[in-house]
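So this one's coords.txt, compact mmCIF, C-alpha atoms and all ligand atoms:
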# COMPACT_ATOMS: atom_id res chain seq x y z
CA MET A 1 -26.06 42.01 -21.62
CA GLU A 2 -23.58 39.36 -22.79
CA SER A 3 -21.98 37.48 -19.90
CA PRO A 4 -18.18 37.88 -19.65
CA VAL A 5 -16.14 35.49 -21.81
CA ILE A 6 -13.86 33.22 -19.81
CA VAL A 7 -10.97 31.64 -21.73
CA ALA A 8 -8.76 28.91 -20.24
CA ILE A 9 -5.38 28.30 -21.91
CA ASP A 10 -3.42 25.34 -20.57
CA GLY A 11 -0.36 23.45 -21.74
CA PRO A 12 3.21 22.52 -20.88
CA SER A 13 6.12 24.92 -20.75
CA GLY A 14 7.17 26.72 -23.93
CA THR A 15 3.98 26.15 -25.91
CA GLY A 16 3.25 29.87 -26.03
CA LYS A 17 0.63 30.17 -23.27
CA SER A 18 1.80 33.50 -21.84
CA SER A 19 2.58 35.21 -25.17
CA THR A 20 -0.68 34.05 -26.71
CA SER A 21 -2.85 34.78 -23.65
CA LYS A 22 -1.55 38.34 -23.22
CA ALA A 23 -1.93 39.17 -26.91
CA VAL A 24 -5.42 37.69 -27.18
CA ALA A 25 -6.59 39.43 -24.00
CA ALA A 26 -5.18 42.77 -25.17
CA GLU A 27 -6.75 42.42 -28.63
CA LEU A 28 -10.19 41.55 -27.25
CA GLY A 29 -10.20 43.92 -24.27
CA LEU A 30 -10.12 41.11 -21.71
CA SER A 31 -8.23 40.78 -18.44
CA TYR A 32 -5.29 38.36 -18.21
CA LEU A 33 -4.08 36.11 -15.40
CA ASP A 34 -0.74 34.26 -15.35
CA THR A 35 -1.32 31.50 -12.80
CA GLY A 36 2.18 30.13 -13.33
CA ALA A 37 3.57 33.41 -12.01
CA GLN A 38 1.54 32.88 -8.83
CA TYR A 39 3.05 29.41 -8.27
CA ARG A 40 6.47 30.85 -9.01
CA ALA A 41 5.81 33.69 -6.55
CA ILE A 42 4.89 31.39 -3.67
CA THR A 43 7.90 29.23 -4.50
CA TRP A 44 10.18 32.28 -4.41
CA TRP A 45 8.70 33.24 -1.03
CA MET A 46 9.34 29.72 0.31
CA LEU A 47 12.96 29.77 -0.89
CA SER A 48 13.49 33.31 0.45
CA ASN A 49 12.13 32.34 3.85
CA GLY A 50 14.14 29.18 4.32
CA ILE A 51 11.25 26.75 3.85
CA ASP A 52 12.49 23.28 2.85
CA VAL A 53 10.87 22.96 -0.58
CA GLU A 54 11.43 19.21 -0.48
CA ASP A 55 9.18 18.96 2.62
CA PRO A 56 5.47 19.09 1.62
CA ASP A 57 4.39 19.40 5.26
CA GLU A 58 6.58 22.45 5.81
CA ILE A 59 5.30 23.97 2.56
CA ALA A 60 1.69 23.28 3.60
CA LEU A 61 2.15 25.00 6.98
CA ALA A 62 3.47 28.13 5.24
CA ALA A 63 1.10 28.05 2.23
CA THR A 64 -1.16 30.91 3.36
CA LYS A 65 1.56 33.22 4.73
CA PRO A 66 2.69 35.23 1.68
CA VAL A 67 0.35 37.89 0.27
CA ILE A 68 0.41 37.37 -3.50
CA ILE A 69 -1.35 39.86 -5.76
CA SER A 70 -1.60 39.61 -9.56
CA GLY A 71 -2.32 42.59 -11.78
CA THR A 72 -4.53 41.51 -14.70
CA ASP A 73 -3.81 44.18 -17.34
CA PRO A 74 -2.53 42.14 -20.32
CA LYS A 75 -0.42 45.08 -21.45
CA ALA A 76 1.32 45.34 -18.08
CA PRO A 77 0.71 42.26 -15.92
CA THR A 78 2.18 42.49 -12.43
CA ILE A 79 2.82 40.21 -9.49
CA THR A 80 3.73 41.25 -5.97
CA VAL A 81 4.70 39.25 -2.89
CA ASP A 82 4.04 40.97 0.45
CA GLY A 83 3.78 44.25 -1.44
CA ALA A 84 7.07 43.94 -3.33
CA ASP A 85 7.40 43.51 -7.13
CA ALA A 86 8.34 39.86 -7.74
CA SER A 87 8.28 39.81 -11.56
CA ALA A 88 12.04 39.32 -11.89
CA PRO A 89 13.00 36.93 -9.04
CA ILE A 90 10.23 34.45 -9.91
CA ARG A 91 11.96 33.68 -13.24
CA THR A 92 15.32 32.58 -11.76
CA PRO A 93 16.61 29.01 -12.33
CA GLU A 94 16.30 28.34 -8.58
CA VAL A 95 12.56 29.07 -8.66
CA THR A 96 12.07 27.16 -11.92
CA ALA A 97 13.80 24.14 -10.34
CA ALA A 98 11.59 24.20 -7.23
CA VAL A 99 8.19 25.32 -8.50
CA SER A 100 6.89 21.90 -9.51
CA ALA A 101 7.46 20.51 -6.01
CA VAL A 102 5.80 23.49 -4.32
CA SER A 103 2.88 23.55 -6.76
CA ALA A 104 2.15 19.86 -6.06
CA VAL A 105 1.16 20.62 -2.44
CA PRO A 106 -2.66 20.69 -2.08
CA GLU A 107 -2.69 23.56 0.43
CA VAL A 108 -0.71 25.72 -2.02
CA ARG A 109 -3.09 24.89 -4.84
CA ARG A 110 -6.18 25.50 -2.67
CA ARG A 111 -5.25 29.08 -1.78
CA LEU A 112 -4.13 29.99 -5.30
CA VAL A 113 -7.12 28.40 -7.01
CA ASP A 114 -9.43 30.42 -4.74
CA ALA A 115 -7.61 33.60 -5.79
CA GLN A 116 -7.75 32.62 -9.47
CA ARG A 117 -11.48 31.99 -9.36
CA CYS A 118 -11.96 35.32 -7.57
CA ALA A 119 -10.00 37.16 -10.28
CA ALA A 120 -12.10 35.52 -13.00
CA ALA A 121 -15.35 36.37 -11.21
CA HIS A 122 -14.36 40.04 -10.97
CA ALA A 123 -13.26 40.45 -14.60
CA ALA A 124 -16.17 42.56 -15.89
CA GLN A 125 -15.29 42.17 -19.59
CA GLY A 126 -14.02 38.61 -19.27
CA ILE A 127 -10.57 37.13 -18.80
CA VAL A 128 -7.94 34.86 -20.33
CA VAL A 129 -6.43 32.62 -17.63
CA GLU A 130 -3.36 30.54 -18.45
CA GLY A 131 -1.79 27.65 -16.60
CA ARG A 132 -1.88 23.86 -16.23
CA ASP A 133 -5.29 23.07 -14.66
CA ILE A 134 -7.51 25.99 -15.66
CA GLY A 135 -9.83 24.07 -17.94
CA THR A 136 -9.91 20.95 -15.77
CA THR A 137 -10.06 22.38 -12.23
CA VAL A 138 -9.97 26.15 -11.80
CA LEU A 139 -12.62 27.20 -14.35
CA PRO A 140 -14.33 24.01 -15.59
CA ASP A 141 -17.25 26.06 -16.99
CA ALA A 142 -15.02 28.37 -19.04
CA THR A 143 -16.56 29.70 -22.26
CA LEU A 144 -13.65 28.27 -24.25
CA LYS A 145 -10.78 25.94 -23.30
CA ILE A 146 -7.58 25.79 -25.31
CA PHE A 147 -4.80 23.24 -24.77
CA LEU A 148 -1.55 24.31 -26.42
CA THR A 149 1.01 21.68 -27.37
CA ALA A 150 4.34 21.69 -29.23
CA SER A 151 7.20 19.25 -29.70
CA ALA A 152 9.78 19.14 -26.92
CA GLU A 153 12.38 20.28 -29.44
CA ALA A 154 10.39 23.34 -30.47
CA ARG A 155 9.66 24.24 -26.85
CA ALA A 156 13.29 23.86 -25.84
CA ALA A 157 14.40 26.04 -28.75
CA ARG A 158 11.91 28.73 -27.75
CA ARG A 159 12.90 28.59 -24.08
CA ASN A 160 16.59 28.67 -24.97
CA GLY A 161 15.90 31.73 -27.07
CA GLU A 162 14.57 33.40 -23.93
CA LEU A 163 17.46 32.19 -21.82
CA LYS A 164 19.78 33.75 -24.43
CA GLY A 165 21.66 30.49 -24.76
CA GLY A 166 22.51 30.41 -21.04
CA GLN A 167 22.53 26.62 -21.20
CA SER A 168 22.73 23.97 -23.91
CA MET A 169 19.63 23.02 -25.89
CA ALA A 170 19.93 19.48 -24.56
CA ALA A 171 19.97 20.73 -20.96
CA THR A 172 17.01 23.02 -21.59
CA GLN A 173 15.01 20.24 -23.21
CA GLU A 174 15.85 17.79 -20.43
CA ALA A 175 14.73 20.30 -17.80
CA LEU A 176 11.50 21.02 -19.68
CA VAL A 177 10.65 17.34 -20.11
CA ARG A 178 11.41 16.68 -16.43
CA ARG A 179 9.12 19.51 -15.32
CA ASP A 180 6.39 18.40 -17.77
CA ALA A 181 6.53 14.93 -16.19
CA ALA A 182 6.29 16.36 -12.67
CA ASP A 183 3.36 18.61 -13.61
CA SER A 184 1.54 15.82 -15.46
CA GLY A 185 2.30 13.07 -12.97
CA ARG A 186 1.30 14.75 -9.71
CA LYS A 187 -1.77 13.60 -7.78
CA THR A 188 -3.41 17.03 -7.33
CA SER A 189 -4.62 18.84 -10.45
CA PRO A 190 -2.20 17.25 -12.92
CA LEU A 191 -1.46 18.87 -16.27
CA ILE A 192 -3.92 17.18 -18.61
CA LYS A 193 -6.09 18.31 -21.52
CA ALA A 194 -9.72 18.91 -20.53
CA ASP A 195 -12.11 16.68 -22.52
CA ASP A 196 -13.82 19.77 -23.99
CA ALA A 197 -10.62 21.70 -24.71
CA VAL A 198 -9.54 22.54 -28.27
CA GLU A 199 -5.99 21.30 -28.82
CA VAL A 200 -3.69 23.58 -30.84
CA ASP A 201 -0.31 22.14 -31.81
CA THR A 202 1.91 25.22 -32.13
CA THR A 203 5.04 23.38 -33.32
CA GLY A 204 4.86 24.60 -36.91
CA LEU A 205 2.98 27.83 -36.27
CA SER A 206 4.31 31.33 -35.73
CA LEU A 207 3.19 33.13 -32.58
CA ASP A 208 1.02 35.42 -34.70
CA GLN A 209 -0.67 32.40 -36.26
CA VAL A 210 -1.45 30.94 -32.83
CA ILE A 211 -2.84 34.27 -31.62
CA GLU A 212 -5.02 34.57 -34.74
CA CYS A 213 -6.24 30.99 -34.28
CA VAL A 214 -7.25 31.60 -30.66
CA VAL A 215 -8.94 34.95 -31.43
CA THR A 216 -10.95 33.23 -34.18
CA LEU A 217 -11.99 30.41 -31.83
CA ILE A 218 -13.16 32.95 -29.24
CA GLU A 219 -15.10 34.99 -31.81
CA GLU A 220 -16.75 31.82 -33.16
CA LYS A 221 -17.76 30.89 -29.60
CA ARG A 222 -19.15 34.38 -28.96
CA ALA A 223 -21.19 34.27 -32.19
CA VAL A 224 -23.20 31.25 -31.05
CA ARG A 225 -23.83 32.40 -27.46
N1 LIG B 301 4.42 29.67 -31.99
C1 LIG B 301 5.59 30.21 -31.58
N2 LIG B 301 6.61 30.27 -32.47
C2 LIG B 301 7.80 30.80 -32.09
N3 LIG B 301 8.07 31.30 -30.86
C3 LIG B 301 7.08 31.24 -29.96
C4 LIG B 301 5.80 30.71 -30.25
N4 LIG B 301 5.03 30.81 -29.13
C5 LIG B 301 5.80 31.37 -28.19
N5 LIG B 301 7.03 31.65 -28.67
C6 LIG B 301 8.15 32.22 -27.92
O1 LIG B 301 8.62 31.20 -27.05
C7 LIG B 301 8.95 31.73 -25.76
C8 LIG B 301 8.07 31.06 -24.69
O2 LIG B 301 6.73 31.46 -24.90
P1 LIG B 301 5.72 31.57 -23.66
O3 LIG B 301 4.52 32.31 -24.16
O4 LIG B 301 6.45 32.10 -22.47
O5 LIG B 301 5.36 30.03 -23.41
P2 LIG B 301 4.71 29.35 -22.10
O6 LIG B 301 3.97 30.43 -21.38
O7 LIG B 301 3.81 28.28 -22.67
O8 LIG B 301 5.85 28.80 -21.32
C9 LIG B 301 8.73 33.23 -25.85
O9 LIG B 301 9.96 33.85 -26.18
C10 LIG B 301 7.76 33.37 -27.02
O10 LIG B 301 7.91 34.62 -27.68
N1 LIG B 302 -2.16 26.63 -13.07
C1 LIG B 302 -0.87 26.28 -12.86
C2 LIG B 302 0.21 27.05 -13.41
C3 LIG B 302 1.52 26.67 -13.13
N2 LIG B 302 1.73 25.57 -12.34
C4 LIG B 302 3.09 25.16 -11.96
C5 LIG B 302 3.66 24.14 -12.92
C6 LIG B 302 4.72 24.89 -13.69
O1 LIG B 302 5.85 24.07 -13.89
C7 LIG B 302 5.08 26.05 -12.78
C8 LIG B 302 5.45 27.32 -13.51
O2 LIG B 302 4.42 27.64 -14.41
P1 LIG B 302 4.74 28.63 -15.62
O3 LIG B 302 3.49 28.74 -16.46
O4 LIG B 302 5.37 29.87 -15.13
O5 LIG B 302 5.84 27.81 -16.40
P2 LIG B 302 6.23 27.99 -17.93
O6 LIG B 302 6.23 29.44 -18.22
O7 LIG B 302 5.15 27.25 -18.71
O8 LIG B 302 7.55 27.34 -18.03
O9 LIG B 302 3.92 26.31 -11.98
C9 LIG B 302 0.67 24.81 -11.83
O10 LIG B 302 0.90 23.81 -11.14
N3 LIG B 302 -0.61 25.19 -12.09
The structure given in the file should be rewritten as structure tokens.
Amino acid sequence: MESPVIVAIDGPSGTGKSSTSKAVAAELGLSYLDTGAQYRAITWWMLSNGIDVEDPDEIALAATKPVIISGTDPKAPTITVDGADASAPIRTPEVTAAVSAVSAVPEVRRRLVDAQRCAAAHAAQGIVVEGRDIGTTVLPDATLKIFLTASAEARAARRNGELKGGQSMAATQEALVRRDAADSGRKTSPLIKADDAVEVDTTGLSLDQVIECVVTLIEEKRAVR
């Protein structure tokens, strides 16, 4: 009986982690976990409950209060906070502006990393887990680690496409680069490529090409197991 395949996909914002991870998981019959949505969910809870998101101590004291549950069906991923669907509010600019600060708090990371490891352990067919520290911290023994990159310009253009031009490209790129720096520069579990991760620069690739590349890498890994 082949052991479940565990795929870690890390990288900065706008590199295609979510789109690629969902498509690859669906194509290969694997579960899918969006760890960024979990950090966004706890951030939304903090903001909604009047926690000062600039105060790490206050965040730490509240870190275990919200009940956050992720659904791992790649065709219909879900996230709830205290039983309520949080898929929309976690994508607001307010949450995006605060999530790096909240996610830098060790107590926040500890509770979410435990949940992420639990989800991976219970994925009978295997799982694709996307985020910033999956290959380095959450699942260091993953079957395959992918680190997606892309130029800041390409990532800003993609994000702006999602935001339907709600802000200028320059503003989008500035916000992305600022968040990249926060995620890469923090003390706890910084965004960094794992030594054994395969780097895929998606700048000049279509989404379909990235998906095909990752599926091929997984199938090559499975063939030699
Ligand atoms: N290689 C690509 N080429 C063009 N658009 C892409 C590519 N990868 C992702 N996208 C698009 O860019 C946006 C952000 O992708 P997403 O998967 O959310 O990135 P991330 O999870 O890394 O932030 C989405 O609209 C997605 O469809
Ligand atoms: N495993 C993870 C995933 C996300 N985070 C933090 C850092 C990110 O800026 C925020 C939001 O992550 P998310 O993947 O939703 O962000 P993008 O879609 O890439 O813009 O959460 C983290 O610290 N660790």
Would you mind listing, for every residue of region 58-144 of chain A within 10 Å of region 16-40 of chain A, the two atoms forming the shortest contact and the distance between them in Å to one decimal, using all atoms listed in the file, sorted by chain and ascending residue number, as a tab-separated table?
residue	atom	partner	partner_atom	distance
A:Ile68	CA	A:Gln38	CA	7.1
A:Ile69	CA	A:Gln38	CA	8.2
A:Ser70	CA	A:Leu33	CA	7.2
A:Gly71	CA	A:Leu33	CA	7.6
A:Thr72	CA	A:Tyr32	CA	4.8
A:Asp73	CA	A:Ser31	CA	5.7
A:Pro74	CA	A:Lys22	CA	4.9
A:Lys75	CA	A:Ala26	CA	6.5
A:Ala76	CA	A:Lys22	CA	9.1
A:Pro77	CA	A:Tyr32	CA	7.5
A:Thr78	CA	A:Ala37	CA	9.2
A:Ile79	CA	A:Ala37	CA	7.3
A:Thr80	CA	A:Gln38	CA	9.1
A:Val81	CA	A:Gln38	CA	9.3
A:Ala86	CA	A:Ala37	CA	9.1
A:Ser87	CA	A:Ala37	CA	8.0
A:Pro89	CA	A:Arg40	CA	8.9
A:Ile90	CA	A:Arg40	CA	5.3
A:Arg91	CA	A:Arg40	CA	7.5
A:Thr92	CA	A:Arg40	CA	9.4
A:Val95	CA	A:Arg40	CA	6.4
A:Thr96	CA	A:Arg40	CA	7.3
A:Ala98	CA	A:Arg40	CA	8.6
A:Val99	CA	A:Arg40	CA	5.8
A:Ser100	CA	A:Tyr39	CA	8.5
A:Val102	CA	A:Tyr39	CA	7.6
A:Ser103	CA	A:Tyr39	CA	6.1
A:Ala104	CA	A:Tyr39	CA	9.8
A:Val108	CA	A:Tyr39	CA	8.2
A:Arg109	CA	A:Tyr39	CA	8.4
A:Leu112	CA	A:Gln38	CA	7.3
A:Val113	CA	A:Thr35	CA	8.8
A:Ala115	CA	A:Thr35	CA	9.6
A:Gln116	CA	A:Thr35	CA	7.3
A:Ala119	CA	A:Leu33	CA	7.9
A:Ala120	CA	A:Leu33	CA	8.4
A:His122	CA	A:Ser31	CA	9.7
A:Ala123	CA	A:Ser31	CA	6.3
A:Ala124	CA	A:Leu30	CA	8.5
A:Gln125	CA	A:Leu30	CA	5.7
A:Gly126	CA	A:Leu30	CA	5.2
A:Ile127	CA	A:Ser31	CA	4.4
A:Val128	CA	A:Tyr32	CA	4.9
A:Val129	CA	A:Leu33	CA	4.8
A:Glu130	CA	A:Asp34	CA	5.5
A:Gly131	CA	A:Thr35	CA	5.4
A:Arg132	CA	A:Gly36	CA	8.0
A:Asp133	CA	A:Thr35	CA	9.5
A:Ile134	CA	A:Thr35	CA	8.8
May I have the residues from that selection written out with C-alpha atoms, as a PDB file, in the coordinates of the input?
ATOM      1  CA  ILE A  68       0.410  37.370  -3.500  1.00  0.00           C
ATOM      2  CA  ILE A  69      -1.350  39.860  -5.760  1.00  0.00           C
ATOM      3  CA  SER A  70      -1.600  39.610  -9.560  1.00  0.00           C
ATOM      4  CA  GLY A  71      -2.320  42.590 -11.780  1.00  0.00           C
ATOM      5  CA  THR A  72      -4.530  41.510 -14.700  1.00  0.00           C
ATOM      6  CA  ASP A  73      -3.810  44.180 -17.340  1.00  0.00           C
ATOM      7  CA  PRO A  74      -2.530  42.140 -20.320  1.00  0.00           C
ATOM      8  CA  LYS A  75      -0.420  45.080 -21.450  1.00  0.00           C
ATOM      9  CA  ALA A  76       1.320  45.340 -18.080  1.00  0.00           C
ATOM     10  CA  PRO A  77       0.710  42.260 -15.920  1.00  0.00           C
ATOM     11  CA  THR A  78       2.180  42.490 -12.430  1.00  0.00           C
ATOM     12  CA  ILE A  79       2.820  40.210  -9.490  1.00  0.00           C
ATOM     13  CA  THR A  80       3.730  41.250  -5.970  1.00  0.00           C
ATOM     14  CA  VAL A  81       4.700  39.250  -2.890  1.00  0.00           C
ATOM     15  CA  ALA A  86       8.340  39.860  -7.740  1.00  0.00           C
ATOM     16  CA  SER A  87       8.280  39.810 -11.560  1.00  0.00           C
ATOM     17  CA  PRO A  89      13.000  36.930  -9.040  1.00  0.00           C
ATOM     18  CA  ILE A  90      10.230  34.450  -9.910  1.00  0.00           C
ATOM     19  CA  ARG A  91      11.960  33.680 -13.240  1.00  0.00           C
ATOM     20  CA  THR A  92      15.320  32.580 -11.760  1.00  0.00           C
ATOM     21  CA  VAL A  95      12.560  29.070  -8.660  1.00  0.00           C
ATOM     22  CA  THR A  96      12.070  27.160 -11.920  1.00  0.00           C
ATOM     23  CA  ALA A  98      11.590  24.200  -7.230  1.00  0.00           C
ATOM     24  CA  VAL A  99       8.190  25.320  -8.500  1.00  0.00           C
ATOM     25  CA  SER A 100       6.890  21.900  -9.510  1.00  0.00           C
ATOM     26  CA  VAL A 102       5.800  23.490  -4.320  1.00  0.00           C
ATOM     27  CA  SER A 103       2.880  23.550  -6.760  1.00  0.00           C
ATOM     28  CA  ALA A 104       2.150  19.860  -6.060  1.00  0.00           C
ATOM     29  CA  VAL A 108      -0.710  25.720  -2.020  1.00  0.00           C
ATOM     30  CA  ARG A 109      -3.090  24.890  -4.840  1.00  0.00           C
ATOM     31  CA  LEU A 112      -4.130  29.990  -5.300  1.00  0.00           C
ATOM     32  CA  VAL A 113      -7.120  28.400  -7.010  1.00  0.00           C
ATOM     33  CA  ALA A 115      -7.610  33.600  -5.790  1.00  0.00           C
ATOM     34  CA  GLN A 116      -7.750  32.620  -9.470  1.00  0.00           C
ATOM     35  CA  ALA A 119     -10.000  37.160 -10.280  1.00  0.00           C
ATOM     36  CA  ALA A 120     -12.100  35.520 -13.000  1.00  0.00           C
ATOM     37  CA  HIS A 122     -14.360  40.040 -10.970  1.00  0.00           C
ATOM     38  CA  ALA A 123     -13.260  40.450 -14.600  1.00  0.00           C
ATOM     39  CA  ALA A 124     -16.170  42.560 -15.890  1.00  0.00           C
ATOM     40  CA  GLN A 125     -15.290  42.170 -19.590  1.00  0.00           C
ATOM     41  CA  GLY A 126     -14.020  38.610 -19.270  1.00  0.00           C
ATOM     42  CA  ILE A 127     -10.570  37.130 -18.800  1.00  0.00           C
ATOM     43  CA  VAL A 128      -7.940  34.860 -20.330  1.00  0.00           C
ATOM     44  CA  VAL A 129      -6.430  32.620 -17.630  1.00  0.00           C
ATOM     45  CA  GLU A 130      -3.360  30.540 -18.450  1.00  0.00           C
ATOM     46  CA  GLY A 131      -1.790  27.650 -16.600  1.00  0.00           C
ATOM     47  CA  ARG A 132      -1.880  23.860 -16.230  1.00  0.00           C
ATOM     48  CA  ASP A 133      -5.290  23.070 -14.660  1.00  0.00           C
ATOM     49  CA  ILE A 134      -7.510  25.990 -15.660  1.00  0.00           C
TER      50      ILE A 134
END
Counting only C-alpha atoms and all ligand atoms, what residues are within 9 Å of ligand LIG 301 (chain B), given as a PDB file with C-alpha atoms, keeping the file's coordinate frame?
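Now in pocket.pdb:
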ATOM      1  CA  ASP A  10      -3.420  25.340 -20.570  1.00  0.00           C
ATOM      2  CA  GLY A  11      -0.360  23.450 -21.740  1.00  0.00           C
ATOM      3  CA  PRO A  12       3.210  22.520 -20.880  1.00  0.00           C
ATOM      4  CA  SER A  13       6.120  24.920 -20.750  1.00  0.00           C
ATOM      5  CA  GLY A  14       7.170  26.720 -23.930  1.00  0.00           C
ATOM      6  CA  THR A  15       3.980  26.150 -25.910  1.00  0.00           C
ATOM      7  CA  GLY A  16       3.250  29.870 -26.030  1.00  0.00           C
ATOM      8  CA  LYS A  17       0.630  30.170 -23.270  1.00  0.00           C
ATOM      9  CA  SER A  18       1.800  33.500 -21.840  1.00  0.00           C
ATOM     10  CA  SER A  19       2.580  35.210 -25.170  1.00  0.00           C
ATOM     11  CA  THR A  20      -0.680  34.050 -26.710  1.00  0.00           C
ATOM     12  CA  SER A  21      -2.850  34.780 -23.650  1.00  0.00           C
ATOM     13  CA  LYS A  22      -1.550  38.340 -23.220  1.00  0.00           C
ATOM     14  CA  ASP A  34      -0.740  34.260 -15.350  1.00  0.00           C
ATOM     15  CA  GLY A  36       2.180  30.130 -13.330  1.00  0.00           C
ATOM     16  CA  GLU A 130      -3.360  30.540 -18.450  1.00  0.00           C
ATOM     17  CA  GLY A 131      -1.790  27.650 -16.600  1.00  0.00           C
ATOM     18  CA  LEU A 148      -1.550  24.310 -26.420  1.00  0.00           C
ATOM     19  CA  THR A 149       1.010  21.680 -27.370  1.00  0.00           C
ATOM     20  CA  ALA A 150       4.340  21.690 -29.230  1.00  0.00           C
ATOM     21  CA  ALA A 154      10.390  23.340 -30.470  1.00  0.00           C
ATOM     22  CA  ARG A 155       9.660  24.240 -26.850  1.00  0.00           C
ATOM     23  CA  ALA A 156      13.290  23.860 -25.840  1.00  0.00           C
ATOM     24  CA  ALA A 157      14.400  26.040 -28.750  1.00  0.00           C
ATOM     25  CA  ARG A 158      11.910  28.730 -27.750  1.00  0.00           C
ATOM     26  CA  ARG A 159      12.900  28.590 -24.080  1.00  0.00           C
ATOM     27  CA  ASN A 160      16.590  28.670 -24.970  1.00  0.00           C
ATOM     28  CA  GLY A 161      15.900  31.730 -27.070  1.00  0.00           C
ATOM     29  CA  GLU A 162      14.570  33.400 -23.930  1.00  0.00           C
ATOM     30  CA  LEU A 163      17.460  32.190 -21.820  1.00  0.00           C
ATOM     31  CA  ASP A 201      -0.310  22.140 -31.810  1.00  0.00           C
ATOM     32  CA  THR A 202       1.910  25.220 -32.130  1.00  0.00           C
ATOM     33  CA  THR A 203       5.040  23.380 -33.320  1.00  0.00           C
ATOM     34  CA  GLY A 204       4.860  24.600 -36.910  1.00  0.00           C
ATOM     35  CA  LEU A 205       2.980  27.830 -36.270  1.00  0.00           C
ATOM     36  CA  SER A 206       4.310  31.330 -35.730  1.00  0.00           C
ATOM     37  CA  LEU A 207       3.190  33.130 -32.580  1.00  0.00           C
ATOM     38  CA  ASP A 208       1.020  35.420 -34.700  1.00  0.00           C
ATOM     39  CA  GLN A 209      -0.670  32.400 -36.260  1.00  0.00           C
ATOM     40  CA  VAL A 210      -1.450  30.940 -32.830  1.00  0.00           C
ATOM     41  CA  ILE A 211      -2.840  34.270 -31.620  1.00  0.00           C
TER      42      ILE A 211
END
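Each of A:Ile218, A:Ala101, A:Ile146, A:Val7 was compared to Arg186 (chain A) using only C-alpha atoms, and A:Ala101 turns out to be the nearest.
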Mind giving me the axis-aligned box for ligand LIG 302 (chain B) with 4 Å on every side, centre plus edges in Å to one decimal, as AutoDock Vina command-line options?
--center_x 2.7 --center_y 26.8 --center_z -14.9 --size_x 17.7 --size_y 14.1 --size_z 15.6
Practice task
Identify, on the basis of only C-alpha atoms, every residue whose closest approach to Asp196 (chain A) does not exceed 12 Å; exclude the query and any residue fewer than 4 positions from it along the same chain; express the result as a ChimeraX atom specification.
Solution key: /A:8,135-136,140-147,192
